[in-house]
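Q: Questions regarding the structure given below will be posed in turn.
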Amino acid sequence: MANTINIKQVQLLRILVKERAIVRLLKTIGNSDYPTRELLNKLGAYGYGHKLLVRAEKIGLVQRKVQKNRVYNKLTVDGKKVVKLAKQIGV
């Protein structure tokens, strides 16, 4: 069990180092549910921002759910851990 936790922490640290754009995306989402269009407008990157959002979902940092005709984005537990680590490190 301890090895699993350490591997997970290493993966989160790797995201902090290699995926700085995803970290910015996660910080923008914060603790709220963001509709995709509003989120991408706030980031100022439609095409690239959407690719980042889909990649963050695949990694397991963002949960996306459809309500009526909107897709809402929310941080998962791992996503919140990455944001917390980023704030502690100062990224």
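Identifiers for the structure tokens are assigned positionally: chains receive A, B, ... in sequence, residues are indexed from 1 per chain, and ligands are indexed from 1 in the order shown.
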As a PyMOL selection string, please: every residue in chain A that DSSP puts in strand (DSSP E or B).
A: chain A and resi 34-35+62-67+70-75
Q: May I have the residues from that selection written out with N, CA and C atoms, as a PDB file, in the first residue's frame?
A:
ATOM      1  N   TYR A  34     -16.757  24.646 -13.380  1.00  0.00           N
ATOM      2  CA  TYR A  34     -16.649  25.605 -14.478  1.00  0.00           C
ATOM      3  C   TYR A  34     -17.225  25.025 -15.751  1.00  0.00           C
ATOM      4  N   PRO A  35     -18.122  25.765 -16.426  1.00  0.00           N
ATOM      5  CA  PRO A  35     -18.514  25.346 -17.782  1.00  0.00           C
ATOM      6  C   PRO A  35     -17.301  25.477 -18.703  1.00  0.00           C
ATOM      7  N   VAL A  62      -9.258  15.949 -13.625  1.00  0.00           N
ATOM      8  CA  VAL A  62     -10.496  16.713 -13.832  1.00  0.00           C
ATOM      9  C   VAL A  62     -11.628  15.747 -14.125  1.00  0.00           C
ATOM     10  N   GLN A  63     -12.779  16.025 -13.539  1.00  0.00           N
ATOM     11  CA  GLN A  63     -13.997  15.261 -13.826  1.00  0.00           C
ATOM     12  C   GLN A  63     -14.905  16.155 -14.657  1.00  0.00           C
ATOM     13  N   ARG A  64     -15.385  15.626 -15.771  1.00  0.00           N
ATOM     14  CA  ARG A  64     -16.271  16.397 -16.644  1.00  0.00           C
ATOM     15  C   ARG A  64     -17.635  15.726 -16.654  1.00  0.00           C
ATOM     16  N   LYS A  65     -18.685  16.545 -16.495  1.00  0.00           N
ATOM     17  CA  LYS A  65     -20.033  15.977 -16.557  1.00  0.00           C
ATOM     18  C   LYS A  65     -20.941  16.911 -17.344  1.00  0.00           C
ATOM     19  N   VAL A  66     -21.875  16.299 -18.060  1.00  0.00           N
ATOM     20  CA  VAL A  66     -22.794  17.044 -18.916  1.00  0.00           C
ATOM     21  C   VAL A  66     -24.082  17.299 -18.160  1.00  0.00           C
ATOM     22  N   GLN A  67     -24.506  18.558 -18.150  1.00  0.00           N
ATOM     23  CA  GLN A  67     -25.810  18.944 -17.595  1.00  0.00           C
ATOM     24  C   GLN A  67     -26.506  19.791 -18.640  1.00  0.00           C
ATOM     25  N   ARG A  70     -24.483  21.832 -21.418  1.00  0.00           N
ATOM     26  CA  ARG A  70     -23.184  22.342 -20.968  1.00  0.00           C
ATOM     27  C   ARG A  70     -22.355  21.228 -20.356  1.00  0.00           C
ATOM     28  N   VAL A  71     -21.043  21.348 -20.514  1.00  0.00           N
ATOM     29  CA  VAL A  71     -20.121  20.416 -19.880  1.00  0.00           C
ATOM     30  C   VAL A  71     -19.429  21.159 -18.746  1.00  0.00           C
ATOM     31  N   TYR A  72     -19.590  20.641 -17.531  1.00  0.00           N
ATOM     32  CA  TYR A  72     -18.989  21.261 -16.351  1.00  0.00           C
ATOM     33  C   TYR A  72     -17.732  20.504 -15.954  1.00  0.00           C
ATOM     34  N   ASN A  73     -16.723  21.245 -15.540  1.00  0.00           N
ATOM     35  CA  ASN A  73     -15.426  20.682 -15.182  1.00  0.00           C
ATOM     36  C   ASN A  73     -15.160  20.928 -13.706  1.00  0.00           C
ATOM     37  N   LYS A  74     -14.738  19.881 -13.021  1.00  0.00           N
ATOM     38  CA  LYS A  74     -14.498  19.952 -11.587  1.00  0.00           C
ATOM     39  C   LYS A  74     -13.230  19.161 -11.270  1.00  0.00           C
ATOM     40  N   LEU A  75     -12.450  19.627 -10.307  1.00  0.00           N
ATOM     41  CA  LEU A  75     -11.235  18.938  -9.919  1.00  0.00           C
ATOM     42  C   LEU A  75     -11.555  17.654  -9.167  1.00  0.00           C
TER      43      LEU A  75
END
Q: Can you list, as a count of residues only, every protein, DNA or RNA residue that comes within 10 Å of Gln9 (chain A) when you count only C-alpha atoms, leaving out same-chain residues fewer than 6 positions away?
A: 5
Q: Residues near Gly60 (chain A), anyone? I mean within 10 Å using only C-alpha atoms, not counting same-chain ones fewer than 5 positions away, as an NGL selection string.
A: :A and (54-55 or 75-79)
Q: Would you save the residues from that selection as a JSON list (two decimals), in the first residue's frame, using C-alpha atoms?
A:
[["chain", "number", "residue", "atom", "x", "y", "z"],
["A", 54, "VAL", "CA", -9.16, 16.42, -22.21],
["A", 55, "ARG", "CA", -5.62, 15.35, -21.22],
["A", 75, "LEU", "CA", -11.23, 18.94, -9.92],
["A", 76, "THR", "CA", -10.87, 15.39, -8.65],
["A", 77, "VAL", "CA", -9.07, 14.55, -5.41],
["A", 78, "ASP", "CA", -5.80, 14.16, -7.33],
["A", 79, "GLY", "CA", -6.37, 17.47, -9.10]]
Q: Just give me the gap between CA of Val83 (chain A) and CA of Lys27 (chain A) in Å, one decimal is fine.
A: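 CA of Val83 (chain A) sits 6.1 Å away from CA of Lys27 (chain A).
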Q: Which one of A:Ala45, A:Leu61, A:Leu85, A:Leu39 sits closest to Val17 (chain A) if you count only C-alpha atoms?
A: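 Selected residue with least distance to Val17 (chain A): A:Leu85.
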Q: What does the distance from CA of Leu40 (chain A) to CA of Val10 (chain A) come to in Å, to one decimal?
A: 28.4 Å
Q: Between A:Ile59, A:Asn69, A:Gln88, A:Leu52, single out the one closest to Ala21 (chain A), counting only C-alpha atoms.
A: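 Under the stated criterion, the closest residue is A:Leu52.
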Q: How many Å lie between CA of Lys51 (chain A) and CA of Lys68 (chain A), rounded to one decimal?
A: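 Atom-to-atom, CA of Lys51 (chain A) to CA of Lys68 (chain A), that is 22.3 Å.
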